[in-house]
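Visitor: Structure supplied as input-v5.cif; contents: mmCIF, C-alpha atoms (C1' of nucleotides).
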```cif
data_data
loop_
_atom_site.label_atom_id
_atom_site.label_comp_id
_atom_site.auth_asym_id
_atom_site.auth_seq_id
_atom_site.Cartn_x
_atom_site.Cartn_y
_atom_site.Cartn_z
CA MET A 1 -66.26 40.24 -4.92
CA ASN A 2 -67.48 40.14 -1.39
CA ILE A 3 -70.59 42.04 -0.50
CA LEU A 4 -70.70 41.81 3.23
CA ASP A 5 -68.34 42.69 6.00
CA ILE A 6 -69.85 41.41 9.20
CA SER A 7 -66.81 39.28 9.81
CA GLY A 8 -65.71 41.59 12.58
CA CYS A 9 -67.99 40.34 15.26
CA CYS A 10 -71.39 39.50 16.49
CA ALA A 11 -75.07 39.98 16.27
CA PRO A 12 -75.81 43.14 14.29
CA VAL A 13 -79.51 42.38 14.43
CA ALA A 14 -79.72 41.70 18.13
CA ARG A 15 -77.07 44.05 19.46
CA SER A 16 -75.95 47.63 19.05
CA THR A 17 -77.43 49.84 16.41
CA LEU A 18 -77.81 48.71 12.84
CA SER A 19 -76.97 51.56 10.48
CA GLU A 20 -78.79 51.91 7.20
CA PRO A 21 -75.77 50.91 5.08
CA ASP A 22 -75.12 47.88 7.28
CA ALA A 23 -78.77 46.92 7.08
CA GLU A 24 -78.55 47.17 3.31
CA LEU A 25 -75.59 44.79 3.22
CA LEU A 26 -77.17 42.31 5.60
CA ALA A 27 -80.41 42.40 3.59
CA THR A 28 -78.47 41.56 0.44
CA VAL A 29 -77.28 38.30 1.95
CA PHE A 30 -80.68 37.40 3.35
CA LYS A 31 -82.15 38.16 -0.05
CA ALA A 32 -79.87 35.50 -1.49
CA LEU A 33 -81.43 33.02 0.93
CA ALA A 34 -84.99 34.20 0.33
CA ASP A 35 -85.70 31.84 -2.54
CA PRO A 36 -86.65 28.15 -2.27
CA VAL A 37 -84.59 27.14 -5.29
CA ARG A 38 -81.47 28.76 -3.87
CA LEU A 39 -82.07 27.16 -0.48
CA ARG A 40 -82.28 23.76 -2.10
CA LEU A 41 -79.13 24.40 -4.12
CA LEU A 42 -77.31 25.39 -0.95
CA ASN A 43 -78.68 22.32 0.77
CA MET A 44 -77.67 19.95 -2.00
CA ILE A 45 -74.15 21.34 -2.10
CA SER A 46 -73.64 21.38 1.64
CA THR A 47 -74.95 17.85 2.10
CA SER A 48 -72.75 16.45 -0.62
CA PRO A 49 -70.22 13.94 0.79
CA THR A 50 -67.32 15.66 -0.95
CA GLY A 51 -68.54 19.13 -0.08
CA GLU A 52 -68.71 20.18 -3.67
CA VAL A 53 -71.08 19.52 -6.54
CA CYS A 54 -70.74 19.89 -10.29
CA ALA A 55 -73.15 22.47 -11.68
CA CYS A 56 -74.32 19.90 -14.18
CA ASP A 57 -75.79 17.84 -11.33
CA LEU A 58 -77.76 20.76 -9.94
CA VAL A 59 -80.08 21.42 -12.85
CA ALA A 60 -82.32 18.36 -12.89
CA PRO A 61 -83.15 18.19 -9.15
CA THR A 62 -84.39 21.76 -9.08
CA GLY A 63 -86.79 21.31 -11.97
CA ARG A 64 -85.69 24.63 -13.48
CA SER A 65 -83.95 25.44 -16.74
CA GLN A 66 -80.17 25.53 -16.95
CA PRO A 67 -80.03 29.33 -17.32
CA THR A 68 -82.23 29.76 -14.26
CA VAL A 69 -80.02 27.51 -12.14
CA SER A 70 -76.93 29.31 -13.42
CA HIS A 71 -78.56 32.59 -12.39
CA HIS A 72 -79.31 31.34 -8.88
CA LEU A 73 -75.77 30.02 -8.46
CA LYS A 74 -74.47 33.42 -9.45
CA VAL A 75 -76.63 35.12 -6.83
CA LEU A 76 -75.36 32.76 -4.14
CA ARG A 77 -71.79 33.26 -5.30
CA GLU A 78 -72.06 37.06 -5.29
CA ALA A 79 -73.53 36.92 -1.79
CA GLY A 80 -70.39 35.13 -0.70
CA LEU A 81 -72.29 31.95 0.14
CA LEU A 82 -70.74 29.76 -2.56
CA THR A 83 -67.36 29.34 -4.18
CA ALA A 84 -66.97 28.25 -7.79
CA ASP A 85 -64.06 26.20 -9.08
CA LYS A 86 -63.76 25.64 -12.80
CA ARG A 87 -62.09 22.37 -13.73
CA GLY A 88 -62.05 21.75 -17.44
CA SER A 89 -65.54 22.14 -18.78
CA TRP A 90 -67.16 21.72 -15.41
CA VAL A 91 -67.68 24.12 -12.54
CA TRP A 92 -67.68 22.75 -9.02
CA TYR A 93 -69.56 24.65 -6.36
CA ALA A 94 -68.89 24.52 -2.63
CA VAL A 95 -70.31 26.47 0.30
CA ALA A 96 -68.27 29.24 1.88
CA PRO A 97 -68.72 28.27 5.52
CA ASP A 98 -67.61 31.64 6.90
CA ARG A 99 -70.50 33.54 5.46
CA LEU A 100 -73.06 31.16 6.94
CA ALA A 101 -71.39 31.43 10.34
CA GLU A 102 -71.48 35.22 10.10
CA LEU A 103 -75.17 35.12 9.31
CA ARG A 104 -75.84 32.87 12.27
CA SER A 105 -74.10 35.25 14.61
CA ALA A 106 -75.99 38.12 13.05
CA LEU A 107 -79.27 36.48 13.98
CA GLY A 108 -78.62 36.60 17.68
CA PRO A 109 -76.20 36.33 20.54
CA ALA A 110 -74.77 32.87 21.14
CA GLU A 111 -77.32 31.29 23.46
CA LEU A 112 -78.66 33.72 25.98
CA PRO A 113 -81.97 32.21 27.09
CA GLY A 114 -84.18 35.28 27.41
CA ALA A 115 -82.02 36.15 24.45
CA VAL A 116 -82.62 39.11 22.30
CA GLY A 117 -84.47 41.20 24.79
CA SER A 118 -82.57 40.71 28.02
CA ALA A 119 -79.10 40.70 26.60
CA GLU A 120 -77.24 41.05 29.93
CA MET B 1 -100.59 31.96 12.43
CA ASN B 2 -97.20 30.38 12.31
CA ILE B 3 -95.59 29.84 8.98
CA LEU B 4 -92.64 27.72 9.82
CA ASP B 5 -92.15 24.44 11.53
CA ILE B 6 -88.45 23.89 11.83
CA SER B 7 -88.74 23.74 15.58
CA GLY B 8 -88.22 20.01 15.50
CA CYS B 9 -84.50 19.99 15.09
CA CYS B 10 -81.47 21.19 13.30
CA ALA B 11 -79.92 22.52 10.20
CA PRO B 12 -82.30 21.95 7.27
CA VAL B 13 -79.93 23.86 5.02
CA ALA B 14 -76.78 22.06 6.02
CA ARG B 15 -78.10 18.60 6.77
CA SER B 16 -80.45 16.05 5.32
CA THR B 17 -82.51 16.84 2.30
CA LEU B 18 -84.56 19.98 2.00
CA SER B 19 -87.88 19.25 0.34
CA GLU B 20 -89.51 21.79 -1.91
CA PRO B 21 -92.32 22.61 0.54
CA ASP B 22 -89.83 22.98 3.39
CA ALA B 23 -87.64 25.20 1.23
CA GLU B 24 -90.69 27.31 0.48
CA LEU B 25 -91.40 27.81 4.16
CA LEU B 26 -87.80 28.58 5.02
CA ALA B 27 -87.62 31.05 2.14
CA THR B 28 -90.69 32.85 3.48
CA VAL B 29 -88.90 33.62 6.73
CA PHE B 30 -85.68 34.66 5.03
CA LYS B 31 -87.76 36.88 2.75
CA ALA B 32 -88.99 38.68 5.85
CA LEU B 33 -85.38 39.42 6.75
CA ALA B 34 -84.40 40.41 3.22
CA ASP B 35 -85.24 44.09 3.59
CA PRO B 36 -83.10 46.76 5.24
CA VAL B 37 -86.06 48.53 6.84
CA ARG B 38 -87.29 45.33 8.45
CA LEU B 39 -83.80 44.48 9.67
CA ARG B 40 -83.57 47.87 11.33
CA LEU B 41 -87.02 47.47 12.88
CA LEU B 42 -86.00 44.09 14.26
CA ASN B 43 -82.78 45.60 15.53
CA MET B 44 -84.48 48.54 17.22
CA ILE B 45 -86.96 46.28 18.94
CA SER B 46 -84.44 43.67 20.05
CA THR B 47 -82.02 46.26 21.39
CA SER B 48 -84.68 48.05 23.39
CA PRO B 49 -84.00 47.83 27.15
CA THR B 50 -87.52 46.64 27.87
CA GLY B 51 -87.56 44.26 24.94
CA GLU B 52 -90.56 45.90 23.41
CA VAL B 53 -91.19 49.08 21.48
CA CYS B 54 -94.34 51.07 20.75
CA ALA B 55 -95.14 51.18 17.06
CA CYS B 56 -95.36 54.94 17.30
CA ASP B 57 -91.65 55.09 18.05
CA LEU B 58 -90.70 53.03 15.02
CA VAL B 59 -91.90 55.34 12.27
CA ALA B 60 -89.53 58.30 12.53
CA PRO B 61 -86.22 56.38 12.79
CA THR B 62 -86.92 54.43 9.60
CA GLY B 63 -87.63 57.51 7.52
CA ARG B 64 -90.64 55.82 5.95
CA SER B 65 -94.35 56.64 6.07
CA GLN B 66 -96.54 55.22 8.80
CA PRO B 67 -98.39 52.85 6.42
CA THR B 68 -95.09 51.52 5.13
CA VAL B 69 -93.79 50.82 8.62
CA SER B 70 -97.09 49.18 9.52
CA HIS B 71 -96.73 46.98 6.46
CA HIS B 72 -93.21 45.91 7.39
CA LEU B 73 -94.26 45.14 10.95
CA LYS B 74 -97.04 42.96 9.59
CA VAL B 75 -94.58 41.02 7.43
CA LEU B 76 -92.31 40.40 10.42
CA ARG B 77 -95.29 39.40 12.53
CA GLU B 78 -96.62 36.97 9.94
CA ALA B 79 -93.17 35.43 9.63
CA GLY B 80 -93.32 34.69 13.34
CA LEU B 81 -90.43 37.03 14.10
CA LEU B 82 -92.43 39.57 16.07
CA THR B 83 -95.28 39.55 18.55
CA ALA B 84 -97.75 42.42 18.79
CA ASP B 85 -99.47 43.43 22.01
CA LYS B 86 -102.21 46.03 21.82
CA ARG B 87 -102.51 48.14 24.96
CA GLY B 88 -105.07 50.89 24.63
CA SER B 89 -104.41 52.82 21.49
CA TRP B 90 -100.83 51.67 21.22
CA VAL B 91 -99.33 48.46 19.90
CA TRP B 92 -96.15 47.15 21.48
CA TYR B 93 -93.91 44.94 19.42
CA ALA B 94 -91.41 42.43 20.77
CA VAL B 95 -89.21 39.83 19.07
CA ALA B 96 -90.21 36.17 19.17
CA PRO B 97 -86.85 34.69 20.17
CA ASP B 98 -87.74 31.14 19.17
CA ARG B 99 -88.02 31.91 15.52
CA LEU B 100 -84.62 33.56 15.41
CA ALA B 101 -83.06 30.58 17.15
CA GLU B 102 -84.69 28.24 14.66
CA LEU B 103 -83.29 30.24 11.80
CA ARG B 104 -79.82 30.14 13.31
CA SER B 105 -79.93 26.38 13.59
CA ALA B 106 -81.23 26.20 10.05
CA LEU B 107 -78.16 28.01 8.83
CA GLY B 108 -75.76 25.37 9.99
CA PRO B 109 -74.88 22.64 12.42
CA ALA B 110 -73.93 23.85 15.89
CA GLU B 111 -70.22 24.40 15.51
CA LEU B 112 -68.58 21.82 13.36
CA PRO B 113 -65.36 23.47 12.17
CA GLY B 114 -65.05 22.29 8.59
CA ALA B 115 -68.75 22.70 8.99
CA VAL B 116 -71.17 22.43 6.19
CA GLY B 117 -68.88 20.61 3.85
CA SER B 118 -67.40 17.87 5.98
CA ALA B 119 -70.46 17.20 8.03
CA GLU B 120 -69.78 13.46 7.67
"C1'" DA C 1 -61.29 22.37 -38.15
"C1'" DC C 2 -65.46 20.71 -36.62
"C1'" DG C 3 -69.21 19.18 -33.69
"C1'" DT C 4 -70.50 18.39 -28.95
"C1'" DT C 5 -71.04 19.50 -24.34
"C1'" DA C 6 -71.02 22.58 -20.13
"C1'" DT C 7 -71.79 27.03 -18.52
"C1'" DA C 8 -72.84 31.89 -18.65
"C1'" DT C 9 -75.13 35.94 -20.60
"C1'" DC C 10 -78.91 38.38 -22.94
"C1'" DG C 11 -83.65 39.95 -23.72
"C1'" DA C 12 -88.25 39.54 -22.64
"C1'" DC C 13 -92.20 38.47 -19.93
"C1'" DG C 14 -95.33 38.15 -15.81
"C1'" DT C 15 -95.39 38.49 -11.00
"C1'" DC C 16 -94.08 40.08 -6.59
"C1'" DT C 17 -92.81 43.88 -3.46
"C1'" DG C 18 -91.76 48.47 -1.33
"C1'" DT C 19 -93.63 52.73 -1.27
"C1'" DC C 20 -96.99 56.32 -0.78
"C1'" DG C 21 -101.56 59.06 -0.12
"C1'" DA C 22 -106.15 58.43 1.14
"C1'" DT C 23 -109.06 56.31 4.15
"C1'" DA C 24 -111.16 53.18 7.58
"C1'" DC C 25 -111.12 51.44 12.28
"C1'" DG C 26 -110.70 51.98 17.34
"C1'" DA C 27 -109.54 53.98 21.64
"C1'" DC C 28 -109.35 57.89 24.43
"C1'" DG C 29 -110.62 62.59 26.37
"C1'" DA C 30 -113.50 66.65 26.58
"C1'" DT D 1 -121.30 62.54 21.11
"C1'" DC D 2 -117.70 64.43 18.86
"C1'" DG D 3 -112.89 65.39 17.64
"C1'" DT D 4 -108.25 63.63 17.97
"C1'" DC D 5 -104.73 60.43 17.82
"C1'" DG D 6 -102.58 55.77 16.86
"C1'" DT D 7 -102.80 51.99 13.81
"C1'" DA D 8 -104.26 49.13 9.95
"C1'" DT D 9 -106.09 48.57 5.29
"C1'" DC D 10 -106.81 49.91 0.42
"C1'" DG D 11 -105.49 51.21 -4.29
"C1'" DA D 12 -102.03 52.55 -7.25
"C1'" DC D 13 -97.53 52.85 -9.10
"C1'" DA D 14 -92.52 51.98 -10.09
"C1'" DG D 15 -88.92 48.97 -9.66
"C1'" DA D 16 -87.04 44.39 -8.56
"C1'" DC D 17 -87.09 39.42 -9.29
"C1'" DG D 18 -87.75 34.53 -11.12
"C1'" DT D 19 -88.29 32.38 -15.20
"C1'" DC D 20 -87.56 30.96 -19.87
"C1'" DG D 21 -85.70 30.51 -24.90
"C1'" DA D 22 -82.07 31.99 -27.67
"C1'" DT D 23 -77.44 32.77 -27.94
"C1'" DA D 24 -72.57 33.42 -26.68
"C1'" DT D 25 -68.31 31.47 -24.70
"C1'" DA D 26 -65.19 27.97 -23.77
"C1'" DA D 27 -63.29 23.30 -23.37
"C1'" DC D 28 -62.92 18.74 -24.99
"C1'" DG D 29 -62.76 14.78 -28.45
"C1'" DT D 30 -62.50 13.28 -33.14
#
```
Can you dump the structure from the file as structure tokens?
Guide:
Amino acid sequence: MNILDISGCCAPVARSTLSEPDAELLATVFKALADPVRLRLLNMISTSPTGEVCACDLVAPTGRSQPTVSHHLKVLREAGLLTADKRGSWVWYAVAPDRLAELRSALGPAELPGAVGSAE
Amino acid sequence: MNILDISGCCAPVARSTLSEPDAELLATVFKALADPVRLRLLNMISTSPTGEVCACDLVAPTGRSQPTVSHHLKVLREAGLLTADKRGSWVWYAVAPDRLAELRSALGPAELPGAVGSAE
DNA sequence: ACGTTATATCGACGTCTGTCGATACGACGA
DNA sequence: TCGTCGTATCGACAGACGTCGATATAACGT
């Protein structure tokens, strides 16, 4: 289930007014990124040549227990940042590129130089 | 004092390997964004016509106590997302655009379409 | 059917974090 | 100098979060 709906357009943080409910949704996604283990998981998956990684290969590099890694993958999945594909006994994770792009646009307008303050 | 040093280049999450210390630093900044009150503060400041807002005008709209707002502003400041300028009795806050741009680049390569997966 | 392996869920624990009231600090005006 | 106002810090508390071991679920091979 998808948590966020900022797919519409641009820059909720830097433009227009951010309502409390919208802020809550945005914060949920940032919360998913606010952990070093999850950032490294996301990094390992996104840098994989095939674009997907078996969950079994994600436990050792993080130095955490298997339940902990499974928990973090669930958080990333529920934030809409990862997709999970079960094939036989294994689960293959891949990044959901849309959500990352949405977050990037939420952080600021494309590339205005004075940027966030002098937005036109 | 600045927490992060991703100013060098691009896309720590989507490219190359993210070391544990780097992940820790990145997570610190995302943690600053992982709260709805702070997101709204950032939004109010960045959407201000002058680009800066007096702290006194940030308390009421958030619906939180003055100490709580002061705490959140400190978190954003220490994450390098805000600058504080004391003028007389008042403190004027403005966004530090660099840090936001760094975060955006950390979230993904410029605009590769298949993006994070097929980064080659 | 059985054991093995991969993954997810559960329950518990310690720590971190958002929140507030009370208070300290600092600047301004009378 | 004294009171007032804006801001930051302190101390305390409740709730959220990362972590683990134990266990459940499910798929595969023998």
Visitor: Write out as an MDAnalysis selection string which residues come within 7 Å of Leu100 (chain B) when counting all atoms listed in the file, dropping same-chain ones fewer than 3 positions away.
Guide: (chainID A and resid 107) or (chainID B and resid 81 97 103:104)
Visitor: Written as a ChimeraX atom specification, what is the full residue list that the PyMOL selection byres ((chain D and resi 30) around 12) yields on the file shown?
Guide: /C:1-4 /D:28-29
Visitor: Can you measure C1' of DT23 (chain C) to CA of Gln66 (chain B) for me? One decimal in Å is fine.
Guide: 13.4 Å
Visitor: Identify, on the basis of only C-alpha atoms (C1' of nucleotides), every residue whose closest approach to DA30 (chain C) does not exceed 12 Å; exclude the query and any residue fewer than 3 positions from it along the same chain; express the result as a PyMOL selection string.
Guide: chain D and resi 1-4
Visitor: Write out as JSON lines the residues of chain C that have any atom within 9 Å of an atom of chain A, one row each with the nearest atom pair and its distance in Å to one decimal, counting all atoms listed in the file, sorted by chain and then rising number.
Guide:
```
{"residue": "C:DT5", "atom": "C1'", "partner": "A:Ser89", "partner_atom": "CA", "distance": 8.3}
{"residue": "C:DA6", "atom": "C1'", "partner": "A:Ser89", "partner_atom": "CA", "distance": 5.7}
{"residue": "C:DT7", "atom": "C1'", "partner": "A:Ser70", "partner_atom": "CA", "distance": 7.6}
{"residue": "C:DA8", "atom": "C1'", "partner": "A:Ser70", "partner_atom": "CA", "distance": 7.1}
{"residue": "C:DT9", "atom": "C1'", "partner": "A:Pro67", "partner_atom": "CA", "distance": 8.9}
```
Visitor: Once the PyMOL selection byres ((chain D and resi 5-18) around 12) is applied to the coordinates I shared, what remains selected? I want it as a PyMOL selection string.
Guide: (chain A and resi 31-32+34-38+64-65+67-69+71-72+75) or (chain B and resi 54-57+59+66-74+84+86-92) or (chain C and resi 13-29) or (chain D and resi 3-4+19-20)
Visitor: Work out how far CA of Leu26 (chain A) is from CA of Arg40 (chain B), in Å to one decimal.
Guide: 10.2 Å
Visitor: Closest to chain B among A:Val53, A:Gly108, A:Asp85, A:Pro61, using only C-alpha atoms?
Guide: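 Among the listed residues, A:Gly108 lies closest to chain B.
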